[in-house]
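Have a look at start.txt; it's compact mmCIF, C-alpha atoms and all ligand atoms:
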```txt
# COMPACT_ATOMS: atom_id res chain seq x y z
CA MET A 222 -23.10 47.61 -35.65
CA ALA A 223 -22.54 44.40 -33.79
CA GLU A 224 -23.06 44.28 -30.06
CA VAL A 225 -22.15 41.00 -28.44
CA GLN A 226 -23.80 40.16 -25.14
CA ASP A 227 -22.58 37.54 -22.71
CA GLY A 228 -25.94 36.07 -21.75
CA ALA A 229 -24.69 33.99 -18.85
CA VAL A 230 -23.30 36.80 -16.81
CA GLY A 231 -24.91 39.77 -18.47
CA SER A 232 -21.56 41.41 -18.73
CA ALA A 233 -20.88 44.76 -20.18
CA VAL A 234 -19.43 44.47 -23.60
CA GLN A 235 -17.33 46.55 -25.79
CA LYS A 236 -19.19 47.93 -28.72
CA LEU A 237 -17.50 47.04 -31.91
CA ASP A 238 -17.12 49.48 -34.64
CA ASP A 239 -19.21 48.57 -37.70
CA GLN A 240 -16.16 49.20 -39.81
CA SER A 241 -13.95 47.00 -37.70
CA PRO A 242 -12.80 43.77 -39.33
CA ALA A 243 -12.56 42.10 -35.93
CA PRO A 244 -14.78 39.02 -35.53
CA ALA A 245 -17.98 39.38 -33.52
CA THR A 246 -16.64 37.06 -30.79
CA ALA A 247 -13.82 39.44 -29.89
CA VAL A 248 -15.27 40.55 -26.59
CA VAL A 249 -13.48 42.43 -23.91
CA ARG A 250 -15.00 41.89 -20.49
CA SER A 251 -15.04 44.70 -18.11
CA ASP A 252 -16.52 42.81 -15.15
CA ARG A 253 -13.58 40.61 -14.21
CA VAL A 254 -13.16 40.14 -10.50
CA PRO A 255 -10.26 42.31 -9.45
CA ASN A 256 -7.30 40.57 -7.98
CA PRO A 257 -7.72 41.04 -4.21
CA GLY A 258 -4.01 40.56 -3.61
CA PHE A 259 -2.65 39.05 -0.43
CA PRO A 260 -4.34 39.69 2.88
CA PRO A 261 -2.29 41.91 5.16
CA GLU A 262 0.47 40.00 6.85
CA ARG A 263 -0.20 39.33 10.52
CA PRO A 264 2.85 39.11 12.71
CA ARG A 265 3.25 35.91 14.69
CA VAL A 266 3.99 35.84 18.41
CA THR A 267 7.50 34.77 17.57
CA ASP A 268 7.89 37.91 15.41
CA LEU A 269 6.79 40.15 18.26
CA ASP A 270 8.38 38.52 21.26
CA PRO A 271 12.04 37.42 21.14
CA LYS A 272 11.44 35.16 24.16
CA LYS A 273 8.77 33.23 22.27
CA ALA A 274 11.10 32.97 19.29
CA LYS A 275 13.80 31.57 21.54
CA ALA A 276 11.31 29.07 23.04
CA ALA A 277 10.30 27.96 19.53
CA GLU A 278 13.95 27.52 18.67
CA ARG A 279 14.43 25.33 21.75
CA THR A 280 11.37 23.26 20.82
CA VAL A 281 12.67 22.67 17.31
CA THR A 282 16.10 21.74 18.67
CA ALA A 283 14.50 19.30 21.14
CA LEU A 284 12.50 17.67 18.33
CA PHE A 285 15.59 17.20 16.18
CA PHE A 286 17.40 15.81 19.22
CA LEU A 287 14.50 13.41 19.79
CA SER A 288 14.85 12.32 16.18
CA ILE A 289 18.53 11.54 16.69
CA ILE A 290 17.72 9.51 19.81
CA GLY A 291 14.96 7.66 17.95
CA SER A 292 17.29 6.70 15.07
CA ALA A 293 20.00 5.58 17.49
CA PHE A 294 17.38 3.59 19.41
CA ALA A 295 16.30 1.82 16.21
CA VAL A 296 19.89 0.76 15.48
CA ALA A 297 20.36 -0.37 19.09
CA ALA A 298 17.10 -2.35 18.93
CA TYR A 299 18.29 -4.08 15.75
CA VAL A 300 21.40 -5.25 17.62
CA LEU A 301 19.81 -5.96 21.01
CA PHE A 302 16.69 -7.79 19.78
CA PRO A 303 17.86 -10.19 17.06
CA ILE A 304 15.23 -12.29 15.33
CA ASP A 305 15.15 -15.96 16.15
CA GLU A 306 13.13 -17.61 13.36
CA GLY A 307 11.92 -20.29 15.71
CA ALA A 308 10.44 -17.80 18.15
CA PRO A 309 7.72 -15.49 16.81
CA SER A 310 7.87 -13.35 19.94
CA THR A 311 11.39 -12.20 18.97
CA ILE A 312 10.04 -10.95 15.64
CA ARG A 313 7.34 -8.98 17.41
CA LEU A 314 9.81 -7.48 19.88
CA SER A 315 12.36 -6.61 17.20
CA ASN A 316 9.76 -5.05 14.91
CA MET A 317 8.16 -3.14 17.73
CA PHE A 318 11.35 -1.55 19.07
CA ILE A 319 12.83 -0.84 15.63
CA GLY A 320 9.46 0.64 14.63
CA ILE A 321 9.33 2.84 17.71
CA GLY A 322 12.85 4.11 16.99
CA ILE A 323 12.17 4.85 13.32
CA THR A 324 8.86 6.50 14.19
CA LEU A 325 10.55 8.82 16.67
CA GLY A 326 13.31 9.53 14.15
CA LEU A 327 10.89 10.51 11.38
CA LEU A 328 8.37 12.31 13.57
CA GLY A 329 11.09 14.35 15.24
CA ILE A 330 12.44 15.59 11.93
CA GLY A 331 9.00 16.15 10.41
CA ILE A 332 7.38 18.00 13.28
CA GLY A 333 10.58 19.94 13.97
CA ALA A 334 10.86 21.11 10.35
CA VAL A 335 7.19 22.14 10.22
CA HIS A 336 7.46 24.01 13.50
CA TRP A 337 10.65 25.72 12.33
CA SER A 338 9.05 26.92 9.11
CA LYS A 339 5.79 28.00 10.74
CA ALA A 340 7.17 29.74 13.80
CA LEU A 341 10.60 31.01 12.85
CA MET A 342 11.11 31.27 9.11
CA HIS A 343 9.84 34.34 7.30
CA GLY A 344 6.18 34.07 6.45
CA HIS A 345 6.04 36.49 3.52
CA GLU A 346 3.91 35.32 0.66
CA GLU A 347 5.42 35.80 -2.74
CA VAL A 348 4.27 35.53 -6.30
CA GLU A 349 6.47 34.08 -8.96
CA MET A 350 5.09 34.96 -12.35
CA ARG A 351 5.05 32.32 -15.01
CA HIS A 352 7.39 32.75 -17.88
CA PRO A 353 7.23 31.16 -21.30
CA THR A 354 8.94 27.80 -21.29
CA ARG A 355 9.61 27.71 -25.02
CA GLY A 356 13.12 28.84 -25.83
CA SER A 357 13.74 31.48 -28.46
CA ASP A 358 14.28 30.35 -32.04
CA GLU A 359 17.87 31.38 -31.68
CA SER A 360 18.53 29.22 -28.62
CA ARG A 361 16.69 26.27 -30.16
CA GLU A 362 18.78 26.50 -33.29
CA LYS A 363 21.87 26.65 -31.12
CA ALA A 364 20.82 23.50 -29.25
CA VAL A 365 20.35 21.63 -32.52
CA GLN A 366 23.80 22.75 -33.62
CA ILE A 367 25.31 21.49 -30.38
CA PHE A 368 23.70 18.06 -30.90
CA ARG A 369 24.94 17.94 -34.49
CA GLN A 370 28.42 18.95 -33.47
CA SER A 371 28.49 16.40 -30.63
CA ASN A 372 27.33 13.71 -33.00
CA GLU A 373 30.01 14.68 -35.49
CA GLU A 374 32.79 14.82 -32.92
CA SER A 375 31.81 11.60 -31.13
CA GLY A 376 31.17 9.69 -34.35
CA PHE A 377 28.03 8.21 -32.78
CA THR A 378 26.27 7.90 -36.13
CA ARG A 379 29.36 7.25 -38.22
CA ARG A 380 30.95 4.54 -36.06
CA SER A 381 28.00 2.20 -36.14
CA LEU A 382 29.73 -0.87 -34.68
CA MET A 383 30.88 1.03 -31.65
CA ARG A 384 27.46 2.63 -31.26
CA ASN A 385 25.65 -0.69 -31.43
CA THR A 386 27.95 -2.34 -28.93
CA LEU A 387 27.37 0.59 -26.59
CA ILE A 388 23.60 0.12 -26.91
CA GLY A 389 24.09 -3.62 -26.27
CA ALA A 390 26.16 -2.88 -23.17
CA VAL A 391 23.54 -0.47 -21.80
CA VAL A 392 20.80 -3.03 -22.34
CA ALA A 393 22.87 -5.84 -20.78
CA THR A 394 23.96 -3.89 -17.69
CA PRO A 395 20.68 -4.28 -15.73
CA ILE A 396 20.54 -8.04 -16.39
CA PRO A 397 22.68 -8.98 -13.34
CA ALA A 398 20.11 -7.11 -11.23
CA VAL A 399 17.43 -9.47 -12.52
CA ALA A 400 19.54 -12.43 -11.40
CA LEU A 401 20.11 -10.83 -8.01
CA PHE A 402 16.42 -10.16 -7.50
CA ARG A 403 15.69 -13.72 -8.56
CA GLU A 404 17.81 -14.79 -5.58
CA LEU A 405 15.28 -13.17 -3.31
CA ALA A 406 12.66 -15.67 -4.42
CA PRO A 407 12.32 -18.93 -2.47
CA HIS A 408 14.67 -21.66 -3.66
CA GLU A 409 11.93 -24.24 -3.54
CA ASP A 410 9.31 -24.35 -6.25
CA PRO A 411 6.91 -21.62 -5.07
CA ILE A 412 3.87 -23.43 -6.39
CA ALA A 413 4.74 -26.60 -4.50
CA LEU A 414 5.49 -24.44 -1.47
CA LEU A 415 2.03 -22.92 -1.47
CA ARG A 416 0.21 -25.97 -2.75
CA HIS A 417 0.56 -27.85 0.55
CA THR A 418 -0.01 -26.63 4.08
CA MET A 419 -0.04 -28.39 7.43
CA TRP A 420 -3.76 -29.06 7.15
CA ASP A 421 -4.47 -32.73 6.69
CA THR A 422 -7.21 -35.26 7.37
CA GLY A 423 -8.22 -35.15 11.04
CA VAL A 424 -5.96 -32.22 12.06
CA ARG A 425 -7.81 -30.23 14.70
CA LEU A 426 -8.47 -26.53 14.31
CA ALA A 427 -6.77 -24.71 17.19
CA ARG A 428 -6.93 -21.14 18.46
CA ASP A 429 -4.07 -18.87 17.47
CA PRO A 430 -1.75 -18.36 19.30
CA SER A 431 -2.64 -20.61 22.26
CA GLY A 432 -3.00 -23.77 20.16
CA THR A 433 -6.16 -24.85 22.06
CA PRO A 434 -8.46 -27.04 19.93
CA ILE A 435 -11.90 -25.59 19.20
CA LEU A 436 -15.19 -27.34 19.87
CA ALA A 437 -17.88 -26.74 17.28
CA SER A 438 -20.13 -25.60 20.11
CA ASP A 439 -17.62 -22.82 20.95
CA VAL A 440 -18.25 -21.15 17.61
CA THR A 441 -21.39 -19.08 18.02
CA ILE A 442 -23.19 -17.27 15.21
CA GLY A 443 -21.40 -14.03 14.36
CA SER A 444 -18.14 -15.07 16.01
CA VAL A 445 -14.83 -15.29 14.17
CA PHE A 446 -11.68 -17.16 15.18
CA GLN A 447 -8.19 -17.11 13.75
CA VAL A 448 -7.08 -20.71 13.77
CA ILE A 449 -3.96 -22.75 13.11
CA PRO A 450 -3.45 -26.50 12.84
CA GLU A 451 -3.10 -28.18 16.23
CA GLY A 452 0.55 -28.96 16.86
CA LEU A 453 1.86 -26.00 14.92
CA ALA A 454 3.15 -24.45 18.13
CA ASP A 455 5.35 -27.54 18.70
CA LEU A 456 7.19 -27.18 15.42
CA GLU A 457 10.69 -25.90 15.83
CA SER A 458 11.75 -25.30 12.25
CA HIS A 459 9.88 -23.49 9.48
CA ARG A 460 7.25 -22.55 12.01
CA ILE A 461 6.78 -19.07 10.68
CA GLU A 462 6.34 -20.20 7.09
CA GLU A 463 3.98 -22.99 8.08
CA LYS A 464 1.91 -20.66 10.20
CA ALA A 465 1.79 -18.07 7.44
CA LYS A 466 0.48 -20.65 4.99
CA ALA A 467 -1.94 -22.37 7.32
CA ALA A 468 -3.64 -19.37 8.97
CA VAL A 469 -7.39 -19.75 8.65
CA LEU A 470 -10.46 -17.74 9.63
CA LEU A 471 -13.36 -19.62 11.15
CA MET A 472 -16.86 -18.16 11.16
CA ARG A 473 -20.38 -19.37 11.86
CA LEU A 474 -23.32 -18.06 9.84
CA PRO A 475 -27.03 -18.83 10.10
CA ILE A 476 -27.43 -21.85 7.83
CA ASP A 477 -30.17 -20.20 5.78
CA GLU A 478 -27.80 -17.34 4.91
CA LEU A 479 -25.06 -19.63 3.63
CA ASN A 480 -25.27 -20.15 -0.14
CA GLU A 481 -23.23 -23.28 -0.64
CA ARG A 482 -22.53 -24.86 -3.97
CA GLU A 483 -23.80 -28.38 -4.31
CA ASP A 484 -20.30 -29.86 -4.48
CA ARG A 485 -19.21 -28.02 -1.37
CA ARG A 486 -22.12 -28.63 0.96
CA SER A 487 -20.04 -31.13 2.92
CA TRP A 488 -17.16 -28.63 3.39
CA SER A 489 -18.87 -26.76 6.22
CA TYR A 490 -20.25 -27.95 9.54
CA ASP A 491 -23.57 -26.67 10.84
CA GLY A 492 -23.00 -23.18 9.35
CA ILE A 493 -19.32 -23.10 10.38
CA VAL A 494 -16.96 -22.34 7.48
CA ALA A 495 -13.17 -22.00 7.31
CA TYR A 496 -11.28 -19.91 4.76
CA SER A 497 -7.61 -19.13 4.21
CA LYS A 498 -6.62 -15.88 5.89
CA ILE A 499 -4.08 -15.01 3.17
CA CYS A 500 -5.46 -12.50 0.70
CA THR A 501 -5.44 -13.71 -2.90
CA HIS A 502 -4.28 -10.30 -4.08
CA VAL A 503 -0.73 -9.99 -2.76
CA GLY A 504 -0.92 -12.02 0.42
CA CYS A 505 -1.80 -9.67 3.27
CA PRO A 506 -3.70 -11.19 6.19
CA VAL A 507 -7.43 -10.66 5.72
CA ALA A 508 -8.39 -9.25 9.05
CA LEU A 509 -11.78 -7.61 9.37
CA TYR A 510 -15.08 -9.49 9.54
CA GLU A 511 -18.36 -7.65 9.28
CA GLN A 512 -20.84 -10.05 10.85
CA GLN A 513 -24.03 -8.32 9.60
CA THR A 514 -23.05 -8.49 5.93
CA HIS A 515 -20.75 -11.53 6.28
CA HIS A 516 -18.00 -9.67 4.47
CA LEU A 517 -14.29 -10.11 5.06
CA LEU A 518 -12.08 -7.11 4.35
CA CYS A 519 -8.40 -7.10 3.53
CA PRO A 520 -6.95 -3.89 4.97
CA CYS A 521 -4.07 -3.64 2.49
CA HIS A 522 -5.98 -2.71 -0.66
CA GLN A 523 -9.59 -3.08 0.49
CA SER A 524 -10.49 -6.31 -1.25
CA GLN A 525 -13.77 -7.66 0.13
CA PHE A 526 -14.88 -11.28 0.18
CA ASP A 527 -18.42 -12.53 0.67
CA VAL A 528 -18.31 -15.36 3.21
CA ALA A 529 -21.93 -16.32 2.50
CA ASN A 530 -20.99 -16.98 -1.15
CA HIS A 531 -17.78 -18.99 -0.99
CA CYS A 532 -15.72 -15.88 -0.23
CA GLU A 533 -16.06 -14.63 -3.77
CA VAL A 534 -14.52 -11.22 -4.42
CA ILE A 535 -17.12 -8.45 -4.31
CA PHE A 536 -14.75 -5.48 -4.30
CA GLY A 537 -11.09 -4.64 -4.76
CA PRO A 538 -8.12 -5.95 -6.69
CA ALA A 539 -8.13 -9.59 -5.53
CA ALA A 540 -8.74 -11.86 -8.52
CA ARG A 541 -10.11 -15.03 -6.94
CA PRO A 542 -11.99 -16.17 -3.82
CA LEU A 543 -10.21 -17.12 -0.62
CA PRO A 544 -9.51 -20.88 -0.66
CA GLN A 545 -11.90 -22.83 1.55
CA LEU A 546 -10.71 -25.45 4.02
CA PRO A 547 -13.10 -28.43 4.17
CA ILE A 548 -13.96 -29.11 7.84
CA THR A 549 -16.02 -31.46 9.99
CA VAL A 550 -16.00 -32.61 13.64
CA ASP A 551 -14.35 -35.58 15.30
CA ASP A 552 -15.87 -37.97 17.86
CA GLU A 553 -15.26 -35.53 20.69
CA GLY A 554 -16.92 -32.61 18.94
CA TYR A 555 -13.72 -30.81 18.00
CA LEU A 556 -13.50 -29.16 14.60
CA VAL A 557 -11.06 -30.94 12.29
CA ALA A 558 -9.91 -30.53 8.70
CA GLN A 559 -11.20 -33.05 6.18
CA ARG A 560 -7.99 -32.58 4.16
CA ASP A 561 -5.63 -29.86 2.92
CA PHE A 562 -6.81 -26.92 0.78
CA GLU A 563 -7.61 -27.99 -2.75
CA GLU A 564 -5.80 -25.03 -4.31
CA PRO A 565 -2.68 -23.02 -3.46
CA VAL A 566 -3.20 -20.39 -0.81
CA GLY A 567 -2.00 -16.85 -1.32
CA PRO A 568 -1.66 -14.48 -4.25
CA SER A 569 -3.26 -15.34 -7.54
CA PHE A 570 -0.11 -15.17 -9.61
CA TRP A 571 1.00 -18.51 -8.24
CA GLU A 572 -2.20 -20.02 -9.46
CA ARG A 573 -1.70 -18.73 -12.99
CA GLU A 574 1.36 -20.92 -13.32
CA LEU A 575 -0.74 -24.02 -12.80
S1 LIG B 1 -3.36 -7.86 -0.33
FE1 LIG B 1 -5.45 -7.93 0.09
S2 LIG B 1 -6.28 -6.46 -1.17
FE2 LIG B 1 -4.20 -6.39 -1.64
```

Take the structure I supplied and represent it as C-alpha cells, if you would.
Amino acid sequence: MAEVQDGAVGSAVQKLDDQSPAPATAVVRSDRVPNPGFPPERPRVTDLDPKKAKAAERTVTALFFLSIIGSAFAVAAYVLFPIDEGAPSTIRLSNMFIGIGITLGLLGIGIGAVHWSKALMHGHEEVEMRHPTRGSDESREKAVQIFRQSNEESGFTRRSLMRNTLIGAVVATPIPAVALFRELAPHEDPIALLRHTMWDTGVRLARDPSGTPILASDVTIGSVFQVIPEGLADLESHRIEEKAKAAVLLMRLPIDELNEREDRRSWSYDGIVAYSKICTHVGCPVALYEQQTHHLLCPCHQSQFDVANHCEVIFGPAARPLPQLPITVDDEGYLVAQRDFEEPVGPSFWEREL
C-alpha cells in the first residue's frame, strides 16, 4: 500500500490500491478551494432610475461634444497661431493652444467612453472558457494541402526567376522611405552643427530669457540658473537652433565638495560651474537640480548627472557626461565663457561619428 502525503498542506490524499500500476505521485487532492463564482450583481443607480440613466446619457453626450469642440479648437489654433521661427513666443502660443485642443479632444472621448460603459452598458460579468488552440490533425493536413496547391498553381517554387524578382521588389520597396526619412535630417553636417555653439571667448553668461548678464556674486551656493550667451536675444535668424545648442545650466557648489580634475580646475570660478543643458542621451533639456546631492536629472528617461564630479552619468541611459563650458569672470565681475565647448553638445551618437 502506498499512501502519498502532501507535507506542505497536509492534504487528504487518495489511497492507492497496492495492485494499481499508477505511479506513487498520482495524487488527487480533495482540498482544492472551491470556485466562489461571481459575487451577486448589484444594480447601479442608472439601472434602477430611468432619470439617472437619462442624466448619464446627457453627460456622455456632453463629453463627446466637448471632444468635438476640442478637436476643432486645435485645428483653429493651428491656423490662427502660426509659428514664426524668429519669435519663440509664437511657438509657445501655438503649442499651448493646439495642446489644449487635443487634450480636450482626447479627454472628452476617453472620459465619455468610460462613463458610458460604467453607467449605461450592461455590467454582467461573463466567463469565456479557454479552448484548445491546436487545430485537429484533419484541419492541419488540409492547411498543408492548401499551401501545396497554392504553390503548385502559382508556380512560386517552379518559376524561380519570377519568384526572385518578386523578393527583390519587396526588399527594394521600403528603400524610398529611407531616402525620405533622410530628408528629415539637417542638410548641414550634423557634427559640425553641434560642434560649435555661440559660446566664445569673453561672451557673457546671461539669464534666460531676459538676456541680463550674471555677476558671479549673484550666484549663491545651491542656486541654479539657466543661461544663454549674451546677445542671443538680438539674433533674428536661427535663433531657436542657436538657443537650443547654447542652453547652459549654471550652479555654485561649496568648493570643498567639487571634485575637479587637474586639467579642468581652471574651468570653474569660485565653485561656479556651467554645463550644457542638453541631455547626452537623446537631447531633452536636463531640468531638475537637487542641491543637496548636486545631481541633475533629465526628466525624459531619468538620466542623472553628478555635478560635483564633472556631470558624470550616475544613472540612466545617457552614455557620457554633460559637456562643461569653461568659464571665468571679466573685469566687471560678470561671468564669461573662456571659449566654446570642447566637444559637441547633445546626444552621444553624434560623438561616435568623430
Ligand atoms: S533624453 Fe535625457 S535621459 Fe533620455

One decimal place gives the CA of Leu471 in chain A-CA of Leu453 in chain A separation as 16.9 Å

Counting all atoms listed in the file, figure out which residue out of A:Gln513, A:Phe562, A:Asp491, A:Thr422 gets nearest to Ala468 in chain A. A:Phe562

Produce a table with one row for each residue of chain A that has an atom at most 9 Å from any atom of ligand LIG 1 (chain B), each row naming the nearest atom pair and its distance in Å at one decimal; use only C-alpha atoms and all ligand atoms; arrange rows by chain and rising residue number; format as CSV.
```
residue,atom,partner,partner_atom,distance
A:Ile499,CA,B:LIG1,FE1,7.8
A:Cys500,CA,B:LIG1,FE1,4.6
A:Thr501,CA,B:LIG1,FE1,6.5
A:His502,CA,B:LIG1,S1,4.6
A:Val503,CA,B:LIG1,S1,4.2
A:Gly504,CA,B:LIG1,S1,4.9
A:Cys505,CA,B:LIG1,S1,4.3
A:Pro506,CA,B:LIG1,FE1,7.1
A:Val507,CA,B:LIG1,FE1,6.6
A:Leu518,CA,B:LIG1,FE1,7.9
A:Cys519,CA,B:LIG1,FE1,4.6
A:Pro520,CA,B:LIG1,FE1,6.5
A:Cys521,CA,B:LIG1,FE2,5.0
A:His522,CA,B:LIG1,S2,3.8
A:Gln523,CA,B:LIG1,S2,5.0
A:Ser524,CA,B:LIG1,S2,4.2
A:Gln525,CA,B:LIG1,S2,7.7
A:Gly537,CA,B:LIG1,S2,6.3
A:Pro538,CA,B:LIG1,S2,5.8
A:Ala539,CA,B:LIG1,S2,5.7
A:Pro568,CA,B:LIG1,S1,7.9
```

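What separates CA of Val424 in chain A from CA of Asp305 in chain A is a distance of 27.0 Å.
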
Which neighbours of range 260-272 of chain A fall inside 10 Å, counting all atoms listed in the file, when residues of the same chain fewer than 3 positions from it are skipped, and could you give them as JSON, numbers by chain? {"A": [257, 275, 276, 277, 278, 339, 340, 341, 342, 343, 344, 345, 346]}

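Separating CA of Met472 in chain A from CA of Leu517 in chain A is a distance of 10.4 Å.
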
Could you rebuild range 474-496 of chain A with N, CA and C atoms and give it back as a JSON list (two decimals), in the coordinates of the input?
```
[["chain", "number", "residue", "atom", "x", "y", "z"],
["A", 474, "LEU", "N", -22.21, -18.86, 10.39],
["A", 474, "LEU", "CA", -23.32, -18.06, 9.84],
["A", 474, "LEU", "C", -24.62, -18.83, 10.05],
["A", 475, "PRO", "N", -25.74, -18.11, 10.12],
["A", 475, "PRO", "CA", -27.03, -18.83, 10.10],
["A", 475, "PRO", "C", -27.09, -19.68, 8.83],
["A", 476, "ILE", "N", -27.49, -20.93, 8.98],
["A", 476, "ILE", "CA", -27.43, -21.85, 7.83],
["A", 476, "ILE", "C", -28.22, -21.31, 6.63],
["A", 477, "ASP", "N", -29.37, -20.65, 6.92],
["A", 477, "ASP", "CA", -30.17, -20.20, 5.78],
["A", 477, "ASP", "C", -29.54, -19.01, 5.06],
["A", 478, "GLU", "N", -28.46, -18.45, 5.61],
["A", 478, "GLU", "CA", -27.80, -17.34, 4.91],
["A", 478, "GLU", "C", -26.54, -17.80, 4.17],
["A", 479, "LEU", "N", -26.26, -19.08, 4.28],
["A", 479, "LEU", "CA", -25.06, -19.63, 3.63],
["A", 479, "LEU", "C", -25.45, -20.22, 2.28],
["A", 480, "ASN", "N", -24.93, -19.64, 1.20],
["A", 480, "ASN", "CA", -25.27, -20.15, -0.14],
["A", 480, "ASN", "C", -24.15, -21.07, -0.60],
["A", 481, "GLU", "N", -24.31, -22.34, -0.31],
["A", 481, "GLU", "CA", -23.23, -23.28, -0.64],
["A", 481, "GLU", "C", -23.49, -23.96, -1.97],
["A", 482, "ARG", "N", -22.40, -24.10, -2.72],
["A", 482, "ARG", "CA", -22.53, -24.86, -3.97],
["A", 482, "ARG", "C", -22.78, -26.32, -3.63],
["A", 483, "GLU", "N", -23.44, -26.99, -4.55],
["A", 483, "GLU", "CA", -23.80, -28.38, -4.31],
["A", 483, "GLU", "C", -22.58, -29.23, -3.94],
["A", 484, "ASP", "N", -21.48, -29.03, -4.71],
["A", 484, "ASP", "CA", -20.30, -29.86, -4.48],
["A", 484, "ASP", "C", -19.51, -29.47, -3.24],
["A", 485, "ARG", "N", -19.95, -28.41, -2.56],
["A", 485, "ARG", "CA", -19.21, -28.02, -1.37],
["A", 485, "ARG", "C", -20.06, -28.05, -0.11],
["A", 486, "ARG", "N", -21.24, -28.63, -0.21],
["A", 486, "ARG", "CA", -22.12, -28.63, 0.96],
["A", 486, "ARG", "C", -21.48, -29.36, 2.14],
["A", 487, "SER", "N", -20.64, -30.34, 1.84],
["A", 487, "SER", "CA", -20.04, -31.13, 2.92],
["A", 487, "SER", "C", -18.77, -30.46, 3.47],
["A", 488, "TRP", "N", -18.41, -29.28, 2.95],
["A", 488, "TRP", "CA", -17.16, -28.63, 3.39],
["A", 488, "TRP", "C", -17.35, -27.81, 4.67],
["A", 489, "SER", "N", -18.61, -27.56, 5.01],
["A", 489, "SER", "CA", -18.87, -26.76, 6.22],
["A", 489, "SER", "C", -19.51, -27.67, 7.27],
["A", 490, "TYR", "N", -19.59, -27.15, 8.52],
["A", 490, "TYR", "CA", -20.25, -27.95, 9.54],
["A", 490, "TYR", "C", -21.24, -27.07, 10.29],
["A", 491, "ASP", "N", -22.51, -27.36, 10.12],
["A", 491, "ASP", "CA", -23.57, -26.67, 10.84],
["A", 491, "ASP", "C", -23.43, -25.13, 10.75],
["A", 492, "GLY", "N", -23.13, -24.64, 9.55],
["A", 492, "GLY", "CA", -23.00, -23.18, 9.35],
["A", 492, "GLY", "C", -21.61, -22.66, 9.64],
["A", 493, "ILE", "N", -20.69, -23.54, 10.10],
["A", 493, "ILE", "CA", -19.32, -23.10, 10.38],
["A", 493, "ILE", "C", -18.47, -23.30, 9.12],
["A", 494, "VAL", "N", -17.81, -22.25, 8.68],
["A", 494, "VAL", "CA", -16.96, -22.34, 7.48],
["A", 494, "VAL", "C", -15.55, -21.85, 7.82],
["A", 495, "ALA", "N", -14.58, -22.37, 7.09],
["A", 495, "ALA", "CA", -13.17, -22.00, 7.31],
["A", 495, "ALA", "C", -12.55, -21.58, 5.99],
["A", 496, "TYR", "N", -11.92, -20.41, 5.99],
["A", 496, "TYR", "CA", -11.28, -19.91, 4.76],
["A", 496, "TYR", "C", -9.85, -19.46, 5.07]]
```
